Amino acid sequence: MALPLFWPGEHYFYPIGNTCAVSLTRDIPAEVQANILLLPCGDPRNVLFTVHCETPVSMARKLDFTCCDFDPGVLARNALLLTMIMDNIPQYVMWNVFFDMYLDDKSTSLLVEQCRKLVAVSGTMQDWLASPYGSVLRYATAYTLTQLRKVWTFYIDNAPPAGSQRARTLRRQIDEGRDIVNKRRGPGLVYSSARSSGPLLQYTMRLFPENFNHYWTTGTTCHDSKVLRTLSHANPTLLYSRLGEGFRVHYGTDPMAPVHLAPLFGNHLDTRPTASQMVLAAQAEFQGWCESFRDRATSTQGVLVVRFLLADALHAARAFDTWNKDTSSEKRRPSSIVVAPWSADLLELSIEEYTTYHAPTLFDVVDTSNLSDHVGFLNIFLATVPLLFRARPWSGVLYTECLLAKQSDPTTQLSSMLPADLTTIALTLGVCPIDSVSGFTTICNTHELLLTGITERKQFHQVLTWRRPHTGDPDTSSLCQRHPATEFEPAHIATALLEIYRRLFESEDPLRLLGTPPEGIEGTIAESAISTCSRETFVMLLRLLRAQVYASLEEERWSCVVELFFDKYYNTVGQLEAAYHQDLSAQLCRYQVHTFSIYHEELPALPGWLLKWTSVPALVRIYLAVPYNKFAVLRSAVEKIPTPVLQCLVRSSVIYENAFQSVNATFGTIIKTGTASKPSASIQAAEEGLNATRSSLIVSFVVPTWTLTRKGTPDPEGITVSLQVKPSLATTMAYMRTLGPHLSIFSAPLSNAQHVYIVPEEPLPMILRPELSKPSKQENVCPWSQTSVRSELNPAGNSAPYLTARLELEDVSLKKLFAERANPTVTQSSPCTMRVSLGQYTTLLSYPLPVSGDRQKTRLARKSSYIEVVVPVAMPYPDAWAMKINPFPVVREKNITFAWNMHRVPLDRLPVVDVGSAKHAKVTWVGPHVGSQLSQKERRMREEGTSDILGLVKDTIHAIIMNVTGLQTDLPRNLFALHDAATEQADTFLFISDLRYDIASHTVVCDGYVLTLCESLISAIHPPMSKLRDIVSVKVYGDELRAWKQLLPGLVERCRSTWVHGENCEYIAQGRIPLSLEINAGDPLCSCGRGKDVEGMRRVKAWKDLSPFVTRIALSPIFAVSYLEPVVDIQAFKSTRAAEARSPSSEANIRKKDVTGGIAPARPERCRKCSKVGGDLFRCSRCKSVYYCSSACQRGDWKDHRAMCQLRSGSNT
């Protein structure tokens, strides 16, 4: 197993999610089928919210969810809730059963009745398929259904009559569990669930801890004392988890965490909601989710599937990958993958489900929740990247989340968790966070930055969306669907791999403590006990790279890579690393990545246990039976280190001590099978599982055979095998006194037949390397072809700053022209392509990553007839900006278009911001929120007047939203003209019908419409346009208007939900998006969406006649990326709050003032004539929409301003 073996000393049950629900289809087009893997799934909030976001009038695409979790209690509750929704159980009952610790009589009765229905139809997979739930709710394995049936039976058996002895016992379990949590929490406040209020967080800091304390004090969300007296039953769904019966609910559980409460607080900021109102708002949102799911589940069969899989996330991913690599037609090879660590049950996917019913094993979207906090990013990449569907440019989306704050500085948070820098990950694994390329994100985490600054907590929530970087380039997507083949120099590969290896295992080095400052010593010691990767993890990385990225390397050159790596490895690793060398080499052999020559050499004087074997294998598996009573010391130290890492040790009294991290463990008995010449073994697991009290723990691990013979040690008879706690600074301090210097839990001689059993170990199947695809040759365009892309690493080997594409000339006449000193012209065509022209011919060179074409170098080999174009990689932002050519790409594949780096928003499902009629009454929070778009660098540039395109666009968005809320004007304004400062013209008009909460992204979004003036529409729109009044002119500077025309197609695509692009779409006919960039050059948008979904226009009398000519858009702020550059000045924010705390009216200040704390202020006004910023500017007294610095400037501008002034003010004077 790739993950080290953790002793399960502490286990928490997570029945309720601890982050807000999100839509899992937010980054794929609205009309395509979505196969989604939740790895792990936790509670069903994301499934429910995703279905809810699929508006009733949207395209009826199929949604297929595979929900994997290793806790049967989680999946049993999820299936129970979804069936209750389908059966239309009363809403309050579903809320009580799913969220509360105690139940009333009716809720308990309906819970038991529902479980009996489930037990009745879950005897077999066929029984379930024939049930009313079988078309929607499915099971990936028969084991899953069997285990969930046991849990439902437990619920039935543990809902006794109120007042009975059993009922009192069950209630006491929850009471005692709550008491433990309350004592552990102490007087401190818990703010974690406050993130559900998003941008309103600073106004809700007191209410969430108050409600959290109420929940854990009373065990319920209800605030009605009369109702509380009726809750006489313990909720049995909270009394069963992976470890069996017992109350193990995590101490941070809060029913307010999964929902979105920004609308409640934002629309009632002036009245301050109560905790009871907060619960009612959460229940109302939950009800909406349930109704949407019921409508979708009962409408059309096959449109919605939710499939459950009981398995550990990494084990499930490996099972899917194994299935995909199995080339046999019947897929009936026996599985060797167990469902989870500490289990002997095999993970066998249902043949019927995955062949007859074609359940997906490749996915458009993979969501990993905050798994990266527990298993590390590398294990996630290895598990999920092979499962991402690659056939379409919009598929292959990977979501990761982090909840634990690894660093105090948000800009180093991500880099400290990754196995390599972002560029190397993108080049080797083929994925990168889209905001690292774009330089912005449409998801706000400013509230997380502020919450961290306020509370100094150990949580920091960060969501990342990973895609293949070249899919954001329409040119590259059309040239080559697969990741473009890249060549690497063996020495460069070896250097990069060694750097990754160092990062993975640097915490094992005790010498790190010597360079640690005093304040960091405690953290360094604690970190030494945390390990998320084994040597097998690194070998799995090599296997993946060998099969995909380095597939073009001949076997000889690959062997050279491994040998160069080990040359560097031997020269640089510490003494402690030597203990893991045989583990590393054994896994290399087992995965058939590389086999050292010593594995093929003849072994002298075989030990007795090998003499009877038919053949001597390169590897053997050692089984060690550890008596159960040996683990008492781990149980007694659970408060010091709850989940220490365990590993096996093979020691020779003379020569060596080899540690092995990849350990399988199960409580049970070894069943010896096979023959004396070819022994084998299986494990009969104890029925009690992890709660076994009499069974031995059976551990097994793989060892090179030669190390157990005289070739490895002069005294094979003196070899001992041990299970030990992995040595580290922390574990040595905790266990040395009780376990001794080797931290050994149990040891036995290799020859001890009672405790040790050895069998041959077969290597895993070799992965066939795929045929490499190359960019397609453009017919009738150019008699040349691109043959490769070569990566040139920097000397440090930890990044890939240069890519070299080679263009081979094939035509005789072209070779002659080139040999006669004709020079090619090289320009950048798109983020990932360079255009090469020679004579009358032109072609595109494609690169796997975005590049900086303005820094390209060209190598001309006239005798050899090839051209090489060398370009630096343009990522991550802000070191280089990959999307400078088009910051907002919209990618088209046939008639499907989608915005690559802006998430979709279901506008009709989003609550409306109540702007109100009184200025500053309810929307004071909007100013600081929208102002937080800018990074600290962008704010400095803004003050200096040197803003780049992104900064200018952000300023314009800020101005629009501030006008919509009325915060900078007397009344809200909703009609805007983008006025180009250079030409003093405007051809783009924005009509904002509503400002909505983008609740899952913790921001706001303008529900609006765009109208671009073009010749084809002038005659039709002139009469209604001439009647428009109160148009706000927003000046745009430099190339900003071009950027807006690039942005508009994405704003359309992200809210498109009821219409599709037709065969006559102008995007297809003209082959570009947008259609135009220059002012007055025509509409940048196609006409497919014109006049669609325009109810918001029709509600406004003055806009109604223009509704056939506008296209709906979703315009939201675009935020700086906190892991790339500093965003919020935390110290300034703390100073502001400290000053307010000293003020006698501090609460009023928080509620009535814009507390920016280093967040950008409002967009500075400029003189319309001379563009001067700041000073004593005054408004035009008639239209009140433009500013001047002097009367002279106002008079000089009157000729140009007059017509627009009259139009805005409604005057014909």
# chains A, B, ... in the order shown; residues from 1 in each chain; ligands from 1
$ select_by_dssp --residues "stretch 634-771 of chain A" --states "strand (DSSP E)" --output "PyMOL selection string"
chain A and resi 645-651+657-660+664-674+679-685+696-704+720-725+744-749+756-760
$ select_by_dssp --residues "stretch 122-333 of chain A" --states "alpha helix (DSSP H)" --output "MDAnalysis selection string"
chainID A and resid 125:129 142:157 165:185 207:218 225:228 262:266 275:299 313:325
$ residues_around --residues "stretch 73-79 of chain A" --least-positions-apart "6" --cutoff "9 Å" --atoms "only C-alpha atoms" --output "list in words"
Phe13, Tyr14, Pro15, Ile16, Cys41, Gly42, Asp43, Pro44, Cys67, Phe98, Leu137, Thr144, Gln147, Leu148, Arg149, Val151, Trp152, Thr237, Leu238, Leu239, Tyr240, Ser241, Arg242, Gly244, Phe308, Leu309 and Leu310 of chain A
$ residues_around --residues "A:Gly430" --least-positions-apart "6" --cutoff "9 Å" --atoms "only C-alpha atoms" --output "PyMOL selection string"
chain A and resi 385+467-470+483+549+848-849
$ write_last_selection --atoms "C-alpha atoms" --output "compact mmCIF listing (two decimals), in the first residue's frame"
# COMPACT_ATOMS: atom_id res chain seq x y z
CA VAL A 385 -4.82 11.41 -12.51
CA ARG A 467 -6.97 20.76 -15.13
CA ARG A 468 -4.61 19.82 -17.92
CA PRO A 469 -3.06 23.22 -18.67
CA HIS A 470 -3.05 22.94 -22.45
CA HIS A 483 -0.88 15.68 -23.36
CA VAL A 549 5.38 11.01 -19.44
CA PRO A 848 2.29 21.06 -23.08
CA LEU A 849 2.33 24.20 -20.92
$ residues_around --residues "A:Lys150" --least-positions-apart "5" --cutoff "9 Å" --atoms "only C-alpha atoms" --output "list in words"
Val119, Leu145 and Tyr155 of chain A
$ closest_residue --among "A:Pro433, A:Pro258, A:Gly198, A:Gly668" --to "A:Val22" --atoms "only C-alpha atoms"
A:Pro258
$ closest_atom_pairs --of "stretch 1024-1054 of chain A" --to "stretch 887-891 of chain A" --cutoff "8 Å" --atoms "only C-alpha atoms" --output "CSV"
residue,atom,partner,partner_atom,distance
A:Ala1043,CA,A:Pro887,CA,7.5
A:Gln1046,CA,A:Phe888,CA,6.2
A:Leu1047,CA,A:Phe888,CA,5.4
A:Pro1049,CA,A:Val890,CA,6.8
A:Gly1050,CA,A:Val890,CA,5.9
$ residues_around --residues "stretch 1069-1084 of chain A" --least-positions-apart "5" --cutoff "6 Å" --atoms "only C-alpha atoms" --output "PyMOL selection string"
chain A and resi 1012+1014+1042+1045-1046
$ closest_residue --among "A:Pro72, A:Pro490, A:Val915, A:His929" --to "A:Leu967" --atoms "only C-alpha atoms"
A:Val915
$ residues_around --residues "A:Asn379" --least-positions-apart "3" --cutoff "10 Å" --atoms "only C-alpha atoms" --output "VMD selection string"
chain A and resid 2 to 3 314 371 to 372 374 to 376 382 to 384 419 532 to 534 537 to 538 540 to 541
$ closest_atom_pairs --of "stretch 485-550 of chain A" --to "stretch 729-742 of chain A" --cutoff "9 Å" --atoms "only C-alpha atoms" --output "CSV"
residue,atom,partner,partner_atom,distance
A:Glu508,CA,A:Leu729,CA,8.6
A:Pro510,CA,A:Leu729,CA,6.7
A:Thr524,CA,A:Leu729,CA,8.7
A:Ile525,CA,A:Ala730,CA,5.4
A:Ala526,CA,A:Ala730,CA,5.9
A:Glu527,CA,A:Ala730,CA,8.1
A:Ser528,CA,A:Leu729,CA,6.1
A:Ala529,CA,A:Ala730,CA,5.7
$ closest_residue --among "A:Ala579, A:Ile1068, A:Val1010, A:Val836" --to "A:Met1097" --atoms "only C-alpha atoms"
A:Val1010
$ closest_residue --among "A:Ile1130, A:Ala748, A:Val51, A:Ala1102" --to "A:Ser408" --atoms "only C-alpha atoms"
A:Ile1130
$ atom_distance --atom1 "atom CA of A:Pro824" --atom2 "atom CA of A:Leu838"
4.6 Å
$ atom_distance --atom1 "atom CA of A:Glu639" --atom2 "atom CA of A:Ile180"
13.7 Å
